[in-house]
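Text of the file upload.cif, holding mmCIF, C-alpha atoms; chains and numbers go by the auth columns:
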```cif
data_upload
loop_
_atom_site.group_PDB
_atom_site.id
_atom_site.type_symbol
_atom_site.label_atom_id
_atom_site.label_comp_id
_atom_site.label_asym_id
_atom_site.label_seq_id
_atom_site.Cartn_x
_atom_site.Cartn_y
_atom_site.Cartn_z
_atom_site.B_iso_or_equiv
_atom_site.auth_seq_id
_atom_site.auth_asym_id
ATOM 1 C CA MET A 1 123.811 169.281 118.239 0.00 1 A
ATOM 2 C CA ALA A 2 120.984 170.346 120.419 0.00 2 A
ATOM 3 C CA GLY A 3 118.617 167.550 119.289 0.00 3 A
ATOM 4 C CA ARG A 4 121.081 164.766 119.810 0.00 4 A
ATOM 5 C CA THR A 5 120.641 162.551 122.925 0.00 5 A
ATOM 6 C CA ARG A 6 123.584 161.331 124.867 0.00 6 A
ATOM 7 C CA LEU A 7 124.130 157.526 124.872 0.00 7 A
ATOM 8 C CA ARG A 8 124.553 155.982 128.293 0.00 8 A
ATOM 9 C CA THR A 9 127.190 153.349 128.980 0.00 9 A
ATOM 10 C CA PRO A 10 126.262 150.176 130.873 0.00 10 A
ATOM 11 C CA ARG A 11 128.224 151.417 133.874 0.00 11 A
ATOM 12 C CA ALA A 12 126.233 154.654 133.975 0.00 12 A
ATOM 13 C CA ALA A 13 122.961 152.695 133.764 0.00 13 A
ATOM 14 C CA ILE A 14 124.004 150.515 136.701 0.00 14 A
ATOM 15 C CA TYR A 15 124.912 153.579 138.770 0.00 15 A
ATOM 16 C CA GLY A 16 121.533 155.101 137.927 0.00 16 A
ATOM 17 C CA LEU A 17 119.666 151.962 139.052 0.00 17 A
ATOM 18 C CA ALA A 18 121.713 151.826 142.243 0.00 18 A
ATOM 19 C CA ALA A 19 120.782 155.433 143.024 0.00 19 A
ATOM 20 C CA VAL A 20 117.078 154.679 142.504 0.00 20 A
ATOM 21 C CA ALA A 21 117.304 151.594 144.758 0.00 21 A
ATOM 22 C CA LEU A 22 119.110 153.565 147.449 0.00 22 A
ATOM 23 C CA ALA A 23 116.493 156.301 147.357 0.00 23 A
ATOM 24 C CA PHE A 24 113.711 153.700 147.614 0.00 24 A
ATOM 25 C CA ASN A 25 115.380 152.058 150.614 0.00 25 A
ATOM 26 C CA ALA A 26 115.947 155.385 152.323 0.00 26 A
ATOM 27 C CA PHE A 27 112.447 156.819 151.879 0.00 27 A
ATOM 28 C CA ALA A 28 109.853 154.135 151.129 0.00 28 A
ATOM 29 C CA ILE A 29 110.775 151.262 153.415 0.00 29 A
ATOM 30 C CA PRO A 30 110.783 153.160 156.753 0.00 30 A
ATOM 31 C CA TYR A 31 107.209 154.365 156.122 0.00 31 A
ATOM 32 C CA ALA A 32 106.095 150.845 155.205 0.00 32 A
ATOM 33 C CA VAL A 33 107.306 149.410 158.507 0.00 33 A
ATOM 34 C CA GLY A 34 105.950 152.114 160.747 0.00 34 A
ATOM 35 C CA GLY A 35 107.332 155.514 159.819 0.00 35 A
ATOM 36 C CA THR A 36 110.710 157.129 160.151 0.00 36 A
ATOM 37 C CA HIS A 37 110.346 157.664 163.890 0.00 37 A
ATOM 38 C CA ALA A 38 108.849 154.297 164.787 0.00 38 A
ATOM 39 C CA ARG A 39 110.662 152.298 167.441 0.00 39 A
ATOM 40 C CA PRO A 40 111.990 148.909 166.343 0.00 40 A
ATOM 41 C CA ARG A 41 109.702 146.029 167.250 0.00 41 A
ATOM 42 C CA ARG A 42 110.954 143.200 169.410 0.00 42 A
ATOM 43 C CA VAL A 43 110.949 139.930 167.561 0.00 43 A
ATOM 44 C CA ALA A 44 110.881 136.585 169.334 0.00 44 A
ATOM 45 C CA ALA A 45 113.864 134.335 168.759 0.00 45 A
ATOM 46 C CA LEU A 46 113.372 131.422 166.398 0.00 46 A
ATOM 47 C CA PRO A 47 113.244 128.001 168.046 0.00 47 A
ATOM 48 C CA ALA A 48 116.320 125.810 167.709 0.00 48 A
ATOM 49 C CA LEU A 49 116.197 123.388 164.807 0.00 49 A
ATOM 50 C CA PRO A 50 116.380 119.674 165.574 0.00 50 A
ATOM 51 C CA PRO A 51 119.684 118.005 164.677 0.00 51 A
ATOM 52 C CA LEU A 52 119.906 116.695 161.152 0.00 52 A
ATOM 53 C CA PRO A 53 120.123 112.934 160.691 0.00 53 A
ATOM 54 C CA PRO A 54 123.395 111.551 159.380 0.00 54 A
ATOM 55 C CA VAL A 55 123.793 111.627 155.628 0.00 55 A
ATOM 56 C CA LEU A 56 123.094 108.257 154.065 0.00 56 A
ATOM 57 C CA ARG A 57 125.632 107.471 151.377 0.00 57 A
ATOM 58 C CA PRO A 58 125.402 104.366 149.204 0.00 58 A
ATOM 59 C CA GLY A 59 127.725 101.691 150.552 0.00 59 A
ATOM 60 C CA ASP A 60 128.138 103.205 154.047 0.00 60 A
ATOM 61 C CA PRO A 61 127.813 100.655 156.847 0.00 61 A
ATOM 62 C CA ALA A 62 124.898 100.975 159.210 0.00 62 A
ATOM 63 C CA TRP A 63 125.194 102.473 162.683 0.00 63 A
ATOM 64 C CA PHE A 64 123.083 101.682 165.747 0.00 64 A
ATOM 65 C CA GLY A 65 124.819 103.961 168.269 0.00 65 A
ATOM 66 C CA ILE A 66 125.692 101.721 171.221 0.00 66 A
ATOM 67 C CA ALA A 67 128.853 100.796 173.092 0.00 67 A
ATOM 68 C CA THR A 68 128.863 97.196 174.293 0.00 68 A
ATOM 69 C CA ARG A 69 130.790 94.583 176.230 0.00 69 A
ATOM 70 C CA THR A 70 130.613 90.819 176.383 0.00 70 A
ATOM 71 C CA LEU A 71 128.568 89.440 179.241 0.00 71 A
ATOM 72 C CA THR A 72 131.233 87.418 181.041 0.00 72 A
ATOM 73 C CA PRO A 73 130.283 84.520 183.348 0.00 73 A
ATOM 74 C CA GLU A 74 131.673 86.434 186.347 0.00 74 A
ATOM 75 C CA ARG A 75 129.568 89.520 185.594 0.00 75 A
ATOM 76 C CA ALA A 76 126.499 87.370 184.904 0.00 76 A
ATOM 77 C CA ARG A 77 126.931 85.626 188.267 0.00 77 A
ATOM 78 C CA ARG A 78 127.409 88.954 190.107 0.00 78 A
ATOM 79 C CA LEU A 79 124.231 90.385 188.492 0.00 79 A
ATOM 80 C CA HIS A 80 122.247 87.159 189.113 0.00 80 A
ATOM 81 C CA ILE A 81 121.886 86.343 185.413 0.00 81 A
ATOM 82 C CA PRO A 82 121.817 82.598 184.604 0.00 82 A
ATOM 83 C CA ALA A 83 124.928 81.155 182.957 0.00 83 A
ATOM 84 C CA TYR A 84 122.980 79.965 179.896 0.00 84 A
ATOM 85 C CA VAL A 85 122.258 83.589 178.871 0.00 85 A
ATOM 86 C CA THR A 86 124.886 84.712 176.368 0.00 86 A
ATOM 87 C CA GLY A 87 124.882 88.021 174.627 0.00 87 A
ATOM 88 C CA VAL A 88 126.273 91.502 174.481 0.00 88 A
ATOM 89 C CA GLU A 89 125.510 94.051 177.186 0.00 89 A
ATOM 90 C CA ILE A 90 124.747 97.657 176.252 0.00 90 A
ATOM 91 C CA VAL A 91 127.113 99.945 178.160 0.00 91 A
ATOM 92 C CA ALA A 92 126.423 103.359 176.552 0.00 92 A
ATOM 93 C CA ILE A 93 123.995 104.866 174.062 0.00 93 A
ATOM 94 C CA ALA A 94 124.967 107.723 171.712 0.00 94 A
ATOM 95 C CA LYS A 95 122.713 110.789 171.675 0.00 95 A
ATOM 96 C CA GLY A 96 120.679 111.135 168.495 0.00 96 A
ATOM 97 C CA SER A 97 121.337 107.540 167.424 0.00 97 A
ATOM 98 C CA PRO A 98 118.757 104.917 166.415 0.00 98 A
ATOM 99 C CA ALA A 99 119.373 103.245 169.806 0.00 99 A
ATOM 100 C CA ALA A 100 118.511 106.491 171.610 0.00 100 A
ATOM 101 C CA ARG A 101 115.080 106.447 169.955 0.00 101 A
ATOM 102 C CA LEU A 102 114.324 103.102 171.633 0.00 102 A
ATOM 103 C CA PRO A 103 113.591 102.494 175.318 0.00 103 A
ATOM 104 C CA LEU A 104 116.976 100.876 176.020 0.00 104 A
ATOM 105 C CA SER A 105 119.011 101.065 179.201 0.00 105 A
ATOM 106 C CA ALA A 106 122.787 101.121 179.529 0.00 106 A
ATOM 107 C CA GLY A 107 124.548 99.124 182.194 0.00 107 A
ATOM 108 C CA THR A 108 126.472 100.387 185.191 0.00 108 A
ATOM 109 C CA ARG A 109 128.735 98.590 187.659 0.00 109 A
ATOM 110 C CA ARG A 110 125.842 97.492 189.825 0.00 110 A
ATOM 111 C CA ARG A 111 123.079 97.136 187.239 0.00 111 A
ATOM 112 C CA ALA A 112 123.162 95.354 183.907 0.00 112 A
ATOM 113 C CA GLY A 113 122.004 97.073 180.751 0.00 113 A
ATOM 114 C CA ASN A 114 119.825 95.509 178.086 0.00 114 A
ATOM 115 C CA LEU A 115 121.339 92.382 176.562 0.00 115 A
ATOM 116 C CA ILE A 116 121.367 91.880 172.799 0.00 116 A
ATOM 117 C CA LEU A 117 120.999 88.194 172.026 0.00 117 A
ATOM 118 C CA SER A 118 120.789 88.235 168.229 0.00 118 A
ATOM 119 C CA VAL A 119 120.573 90.361 165.087 0.00 119 A
ATOM 120 C CA ASP A 120 118.380 89.041 162.259 0.00 120 A
ATOM 121 C CA GLY A 121 118.388 85.585 163.839 0.00 121 A
ATOM 122 C CA GLN A 122 122.199 85.361 164.100 0.00 122 A
ATOM 123 C CA PRO A 123 123.550 85.099 167.688 0.00 123 A
ATOM 124 C CA ALA A 124 125.571 88.075 168.920 0.00 124 A
ATOM 125 C CA SER A 125 128.008 86.549 171.397 0.00 125 A
ATOM 126 C CA SER A 126 130.642 89.319 171.388 0.00 126 A
ATOM 127 C CA PRO A 127 130.892 93.015 170.500 0.00 127 A
ATOM 128 C CA ALA A 128 132.954 92.153 167.405 0.00 128 A
ATOM 129 C CA ILE A 129 130.301 89.748 166.124 0.00 129 A
ATOM 130 C CA LEU A 130 127.551 92.274 166.894 0.00 130 A
ATOM 131 C CA ARG A 131 129.427 94.948 164.934 0.00 131 A
ATOM 132 C CA GLU A 132 129.863 92.546 161.996 0.00 132 A
ATOM 133 C CA LEU A 133 126.155 91.665 162.035 0.00 133 A
ATOM 134 C CA LEU A 134 125.131 95.336 162.111 0.00 134 A
ATOM 135 C CA GLU A 135 127.583 96.323 159.368 0.00 135 A
ATOM 136 C CA ARG A 136 126.011 93.798 157.003 0.00 136 A
ATOM 137 C CA HIS A 137 123.232 96.357 156.734 0.00 137 A
ATOM 138 C CA LEU A 138 123.458 99.678 154.979 0.00 138 A
ATOM 139 C CA GLY A 139 122.259 102.963 156.429 0.00 139 A
ATOM 140 C CA GLY A 140 118.488 103.214 156.095 0.00 140 A
ATOM 141 C CA GLN A 141 117.911 99.452 156.267 0.00 141 A
ATOM 142 C CA GLN A 142 116.087 97.691 159.087 0.00 142 A
ATOM 143 C CA ALA A 143 117.526 95.132 161.486 0.00 143 A
ATOM 144 C CA LEU A 144 115.628 92.812 163.815 0.00 144 A
ATOM 145 C CA LEU A 145 117.176 92.665 167.294 0.00 145 A
ATOM 146 C CA VAL A 146 116.271 90.259 170.063 0.00 146 A
ATOM 147 C CA LEU A 147 116.841 91.850 173.476 0.00 147 A
ATOM 148 C CA ILE A 148 116.229 90.933 177.077 0.00 148 A
ATOM 149 C CA GLN A 149 116.116 93.099 180.145 0.00 149 A
ATOM 150 C CA PRO A 150 118.118 91.662 183.036 0.00 150 A
ATOM 151 C CA GLU A 151 115.217 91.990 185.467 0.00 151 A
ATOM 152 C CA GLN A 152 112.867 90.141 183.066 0.00 152 A
ATOM 153 C CA LEU A 153 114.913 87.191 181.830 0.00 153 A
ATOM 154 C CA ASP A 154 111.831 85.143 180.972 0.00 154 A
ATOM 155 C CA GLN A 155 110.697 87.591 178.248 0.00 155 A
ATOM 156 C CA SER A 156 112.588 88.481 175.105 0.00 156 A
ATOM 157 C CA ILE A 157 111.864 91.669 173.188 0.00 157 A
ATOM 158 C CA ASN A 158 111.891 91.721 169.386 0.00 158 A
ATOM 159 C CA VAL A 159 112.782 95.177 168.080 0.00 159 A
ATOM 160 C CA SER A 160 112.843 96.223 164.433 0.00 160 A
ATOM 161 C CA VAL A 161 115.001 99.326 164.050 0.00 161 A
ATOM 162 C CA THR A 162 115.979 101.447 161.048 0.00 162 A
ATOM 163 C CA LEU A 163 119.734 101.959 161.167 0.00 163 A
ATOM 164 C CA ASP A 164 121.436 105.251 160.322 0.00 164 A
ATOM 165 C CA GLY A 165 124.650 105.787 158.401 0.00 165 A
ATOM 166 C CA ARG A 166 127.753 106.062 160.577 0.00 166 A
ATOM 167 C CA PRO A 167 128.573 109.707 161.365 0.00 167 A
ATOM 168 C CA PRO A 168 132.090 110.796 160.414 0.00 168 A
ATOM 169 C CA GLY A 169 134.643 110.110 163.136 0.00 169 A
ATOM 170 C CA GLU A 170 132.235 108.033 165.214 0.00 170 A
ATOM 171 C CA ASN A 171 134.162 104.857 166.064 0.00 171 A
ATOM 172 C CA ARG A 172 133.314 104.482 169.736 0.00 172 A
ATOM 173 C CA TYR A 173 129.792 103.253 169.119 0.00 173 A
ATOM 174 C CA GLN A 174 128.596 100.357 166.960 0.00 174 A
#
```
For the file at hand, write its structure as structure tokens.
Amino acid sequence: MAGRTRLRTPRAAIYGLAAVALAFNAFAIPYAVGGTHARPRRVAALPALPPLPPVLRPGDPAWFGIATRTLTPERARRLHIPAYVTGVEIVAIAKGSPAARLPLSAGTRRRAGNLILSVDGQPASSPAILRELLERHLGGQQALLVLIQPEQLDQSINVSVTLDGRPPGENRYQ
């Protein structure tokens, strides 16, 4: 049986290929990257990736990313805002939200934030109504907001903003 060749099993073939790959890794790669005695090169760290936008799912309500409160007559009087101005005051703005991409200001005890007067032509007289008006939109749709800045009550600002989908667990902001 001297002329007969031995048949290899699939397992033996795999072990043979693994041995060839190991030998290649051990001998060829070090010379390709600078020799067996080359010092490792310092590599600069990769820059941080920007945060991903929220996932838009069909049927998800839109999210603007603001916390609001009703502009009460007492607060309006204290901040020297005329009584005829009704709207919703921005109190906080969520990081990474559509509102954070706009030049809006949040209110403090002594200074009023931007006031939202209407959404798509419908008056926003309370935070609940504002939330309802915003949730009529789906994530990815645009809404037209009419804002005023408390120090410039004679000028309204029309802002068209593309709303995001509401992030999971985000109930504090509208």
Go ahead and compute the interatomic distance for CA of Lys95 (chain A) and CA of Leu134 (chain A), in Å to one decimal.
18.3 Å
Could you check how far CA of Trp63 (chain A) sits from CA of Glu132 (chain A), in Å to one decimal?
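Rounded to one decimal, the two atoms are 11.0 Å apart.
Using all atoms listed in the file, the shortest contact distance between Leu102 (chain A) and any of A:Ile66, A:Ala48, A:Ala83, A:Leu117 is found at A:Ile66.
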Could you check how far CA of Val119 (chain A) sits from CA of Val146 (chain A), in Å to one decimal?
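Those two atoms sit 6.6 Å apart.
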Within 10 Å of Ala62 (chain A), counting all atoms listed in the file, which residues qualify if same-chain residues fewer than 2 places away don't, as a ChimeraX atom specification?
/A:56,59-60,64-65,131,133-143,162-167,174
Taking the file as shown, find all residues satisfying the PyMOL selection byres ((chain A and resi 75) around 12) and write them as a ChimeraX atom specification.
/A:69-74,76-83,85-86,88-89,107-113,150
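Here the residues that fall within 8 Å of (120.1, 103.3, 178.2), using all atoms listed in the file, are given as Ile90, Val91, Ala92, Ile93, Ala100, Pro103, Leu104, Ser105, Ala106, Gly107, Gly113 and Asn114 of chain A.
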The PyMOL selection byres ((chain A and resi 158) around 8) on the file shown: which residues, as number ranges by chain?
A: 144-147, 156-157, 159-160
Name the closest residue to Pro123 (chain A) among the candidates A:Pro61, A:Gly87, A:Gly96, A:Pro10; distances are taken between atoms, counting all atoms listed in the file.
A:Gly87
Using the file's own x, y and z axes, what box holds all listed atoms of region 19-23 of chain A with 4 Å on each side, keeping edges along x, y and z, and what are its centre and edge lengths in Å to one decimal, as JSON?
```
{"center_x": 118.6, "center_y": 153.9, "center_z": 145.0, "size_x": 12.3, "size_y": 12.7, "size_z": 12.9}
```
Pop region 103-131 of chain A out of the structure in the block and write N, CA, C and O atoms as a PDB file, in the first residue's frame.
```
ATOM      1  N   PRO A 103     -31.898  79.117  19.516  1.00  0.00           N
ATOM      2  CA  PRO A 103     -31.418  80.095  20.508  1.00  0.00           C
ATOM      3  C   PRO A 103     -32.525  80.480  21.488  1.00  0.00           C
ATOM      4  O   PRO A 103     -33.020  81.600  21.493  1.00  0.00           O
ATOM      5  N   LEU A 104     -32.932  79.545  22.338  1.00  0.00           N
ATOM      6  CA  LEU A 104     -33.968  79.789  23.331  1.00  0.00           C
ATOM      7  C   LEU A 104     -33.334  80.005  24.693  1.00  0.00           C
ATOM      8  O   LEU A 104     -32.237  79.526  24.967  1.00  0.00           O
ATOM      9  N   SER A 105     -34.054  80.688  25.568  1.00  0.00           N
ATOM     10  CA  SER A 105     -33.570  80.873  26.932  1.00  0.00           C
ATOM     11  C   SER A 105     -34.623  80.371  27.902  1.00  0.00           C
ATOM     12  O   SER A 105     -35.818  80.545  27.700  1.00  0.00           O
ATOM     13  N   ALA A 106     -34.140  79.728  28.967  1.00  0.00           N
ATOM     14  CA  ALA A 106     -35.023  79.219  30.017  1.00  0.00           C
ATOM     15  C   ALA A 106     -35.128  80.262  31.112  1.00  0.00           C
ATOM     16  O   ALA A 106     -34.187  81.019  31.371  1.00  0.00           O
ATOM     17  N   GLY A 107     -36.268  80.277  31.772  1.00  0.00           N
ATOM     18  CA  GLY A 107     -36.511  81.259  32.813  1.00  0.00           C
ATOM     19  C   GLY A 107     -35.903  80.870  34.150  1.00  0.00           C
ATOM     20  O   GLY A 107     -35.644  79.707  34.427  1.00  0.00           O
ATOM     21  N   THR A 108     -35.674  81.876  34.968  1.00  0.00           N
ATOM     22  CA  THR A 108     -35.234  81.693  36.343  1.00  0.00           C
ATOM     23  C   THR A 108     -36.224  82.425  37.237  1.00  0.00           C
ATOM     24  O   THR A 108     -37.248  82.928  36.764  1.00  0.00           O
ATOM     25  N   ARG A 109     -35.927  82.511  38.524  1.00  0.00           N
ATOM     26  CA  ARG A 109     -36.839  83.245  39.418  1.00  0.00           C
ATOM     27  C   ARG A 109     -36.935  84.719  39.056  1.00  0.00           C
ATOM     28  O   ARG A 109     -37.996  85.317  39.134  1.00  0.00           O
ATOM     29  N   ARG A 110     -35.807  85.289  38.707  1.00  0.00           N
ATOM     30  CA  ARG A 110     -35.762  86.738  38.469  1.00  0.00           C
ATOM     31  C   ARG A 110     -35.919  87.133  37.003  1.00  0.00           C
ATOM     32  O   ARG A 110     -36.153  88.284  36.698  1.00  0.00           O
ATOM     33  N   ARG A 111     -35.748  86.192  36.108  1.00  0.00           N
ATOM     34  CA  ARG A 111     -35.781  86.509  34.674  1.00  0.00           C
ATOM     35  C   ARG A 111     -36.687  85.508  33.969  1.00  0.00           C
ATOM     36  O   ARG A 111     -36.577  84.309  34.185  1.00  0.00           O
ATOM     37  N   ALA A 112     -37.555  86.018  33.130  1.00  0.00           N
ATOM     38  CA  ALA A 112     -38.465  85.141  32.393  1.00  0.00           C
ATOM     39  C   ALA A 112     -37.749  84.497  31.216  1.00  0.00           C
ATOM     40  O   ALA A 112     -36.843  85.083  30.630  1.00  0.00           O
ATOM     41  N   GLY A 113     -38.153  83.282  30.894  1.00  0.00           N
ATOM     42  CA  GLY A 113     -37.639  82.618  29.707  1.00  0.00           C
ATOM     43  C   GLY A 113     -38.478  83.007  28.507  1.00  0.00           C
ATOM     44  O   GLY A 113     -39.418  83.800  28.607  1.00  0.00           O
ATOM     45  N   ASN A 114     -38.137  82.455  27.352  1.00  0.00           N
ATOM     46  CA  ASN A 114     -38.941  82.698  26.159  1.00  0.00           C
ATOM     47  C   ASN A 114     -40.376  82.241  26.415  1.00  0.00           C
ATOM     48  O   ASN A 114     -40.611  81.263  27.122  1.00  0.00           O
ATOM     49  N   LEU A 115     -41.317  82.945  25.824  1.00  0.00           N
ATOM     50  CA  LEU A 115     -42.729  82.594  25.954  1.00  0.00           C
ATOM     51  C   LEU A 115     -43.218  82.022  24.638  1.00  0.00           C
ATOM     52  O   LEU A 115     -42.994  82.606  23.573  1.00  0.00           O
ATOM     53  N   ILE A 116     -43.870  80.877  24.701  1.00  0.00           N
ATOM     54  CA  ILE A 116     -44.472  80.269  23.512  1.00  0.00           C
ATOM     55  C   ILE A 116     -45.919  80.711  23.478  1.00  0.00           C
ATOM     56  O   ILE A 116     -46.688  80.431  24.412  1.00  0.00           O
ATOM     57  N   LEU A 117     -46.297  81.396  22.416  1.00  0.00           N
ATOM     58  CA  LEU A 117     -47.659  81.901  22.288  1.00  0.00           C
ATOM     59  C   LEU A 117     -48.558  80.923  21.544  1.00  0.00           C
ATOM     60  O   LEU A 117     -49.728  80.776  21.900  1.00  0.00           O
ATOM     61  N   SER A 118     -48.014  80.278  20.492  1.00  0.00           N
ATOM     62  CA  SER A 118     -48.860  79.378  19.709  1.00  0.00           C
ATOM     63  C   SER A 118     -48.012  78.338  18.993  1.00  0.00           C
ATOM     64  O   SER A 118     -46.811  78.507  18.804  1.00  0.00           O
ATOM     65  N   VAL A 119     -48.686  77.250  18.602  1.00  0.00           N
ATOM     66  CA  VAL A 119     -48.091  76.184  17.799  1.00  0.00           C
ATOM     67  C   VAL A 119     -49.006  75.975  16.607  1.00  0.00           C
ATOM     68  O   VAL A 119     -50.197  75.687  16.773  1.00  0.00           O
ATOM     69  N   ASP A 120     -48.478  76.166  15.413  1.00  0.00           N
ATOM     70  CA  ASP A 120     -49.241  76.029  14.166  1.00  0.00           C
ATOM     71  C   ASP A 120     -50.522  76.860  14.184  1.00  0.00           C
ATOM     72  O   ASP A 120     -51.584  76.421  13.735  1.00  0.00           O
ATOM     73  N   GLY A 121     -50.438  78.056  14.747  1.00  0.00           N
ATOM     74  CA  GLY A 121     -51.576  78.967  14.757  1.00  0.00           C
ATOM     75  C   GLY A 121     -52.572  78.724  15.877  1.00  0.00           C
ATOM     76  O   GLY A 121     -53.509  79.500  16.038  1.00  0.00           O
ATOM     77  N   GLN A 122     -52.406  77.692  16.664  1.00  0.00           N
ATOM     78  CA  GLN A 122     -53.300  77.401  17.793  1.00  0.00           C
ATOM     79  C   GLN A 122     -52.679  77.960  19.071  1.00  0.00           C
ATOM     80  O   GLN A 122     -51.518  77.687  19.368  1.00  0.00           O
ATOM     81  N   PRO A 123     -53.427  78.743  19.877  1.00  0.00           N
ATOM     82  CA  PRO A 123     -52.844  79.341  21.078  1.00  0.00           C
ATOM     83  C   PRO A 123     -52.445  78.276  22.101  1.00  0.00           C
ATOM     84  O   PRO A 123     -53.156  77.301  22.316  1.00  0.00           O
ATOM     85  N   ALA A 124     -51.303  78.493  22.717  1.00  0.00           N
ATOM     86  CA  ALA A 124     -50.796  77.596  23.765  1.00  0.00           C
ATOM     87  C   ALA A 124     -50.900  78.348  25.087  1.00  0.00           C
ATOM     88  O   ALA A 124     -50.006  79.092  25.463  1.00  0.00           O
ATOM     89  N   SER A 125     -52.009  78.150  25.791  1.00  0.00           N
ATOM     90  CA  SER A 125     -52.245  78.922  27.011  1.00  0.00           C
ATOM     91  C   SER A 125     -51.832  78.189  28.281  1.00  0.00           C
ATOM     92  O   SER A 125     -51.812  78.783  29.347  1.00  0.00           O
ATOM     93  N   SER A 126     -51.508  76.898  28.171  1.00  0.00           N
ATOM     94  CA  SER A 126     -51.065  76.136  29.346  1.00  0.00           C
ATOM     95  C   SER A 126     -50.105  75.044  28.889  1.00  0.00           C
ATOM     96  O   SER A 126     -50.098  74.667  27.706  1.00  0.00           O
ATOM     97  N   PRO A 127     -49.300  74.506  29.809  1.00  0.00           N
ATOM     98  CA  PRO A 127     -48.398  73.416  29.420  1.00  0.00           C
ATOM     99  C   PRO A 127     -49.138  72.193  28.876  1.00  0.00           C
ATOM    100  O   PRO A 127     -48.648  71.535  27.954  1.00  0.00           O
ATOM    101  N   ALA A 128     -50.318  71.900  29.401  1.00  0.00           N
ATOM    102  CA  ALA A 128     -51.079  70.745  28.906  1.00  0.00           C
ATOM    103  C   ALA A 128     -51.524  70.962  27.457  1.00  0.00           C
ATOM    104  O   ALA A 128     -51.451  70.041  26.634  1.00  0.00           O
ATOM    105  N   ILE A 129     -51.979  72.163  27.149  1.00  0.00           N
ATOM    106  CA  ILE A 129     -52.398  72.461  25.779  1.00  0.00           C
ATOM    107  C   ILE A 129     -51.190  72.448  24.845  1.00  0.00           C
ATOM    108  O   ILE A 129     -51.264  71.925  23.729  1.00  0.00           O
ATOM    109  N   LEU A 130     -50.058  73.004  25.303  1.00  0.00           N
ATOM    110  CA  LEU A 130     -48.847  72.977  24.489  1.00  0.00           C
ATOM    111  C   LEU A 130     -48.436  71.544  24.191  1.00  0.00           C
ATOM    112  O   LEU A 130     -48.109  71.202  23.054  1.00  0.00           O
ATOM    113  N   ARG A 131     -48.472  70.683  25.193  1.00  0.00           N
ATOM    114  CA  ARG A 131     -48.102  69.275  24.990  1.00  0.00           C
ATOM    115  C   ARG A 131     -49.040  68.618  23.974  1.00  0.00           C
ATOM    116  O   ARG A 131     -48.607  67.890  23.089  1.00  0.00           O
TER     117      ARG A 131
END
```
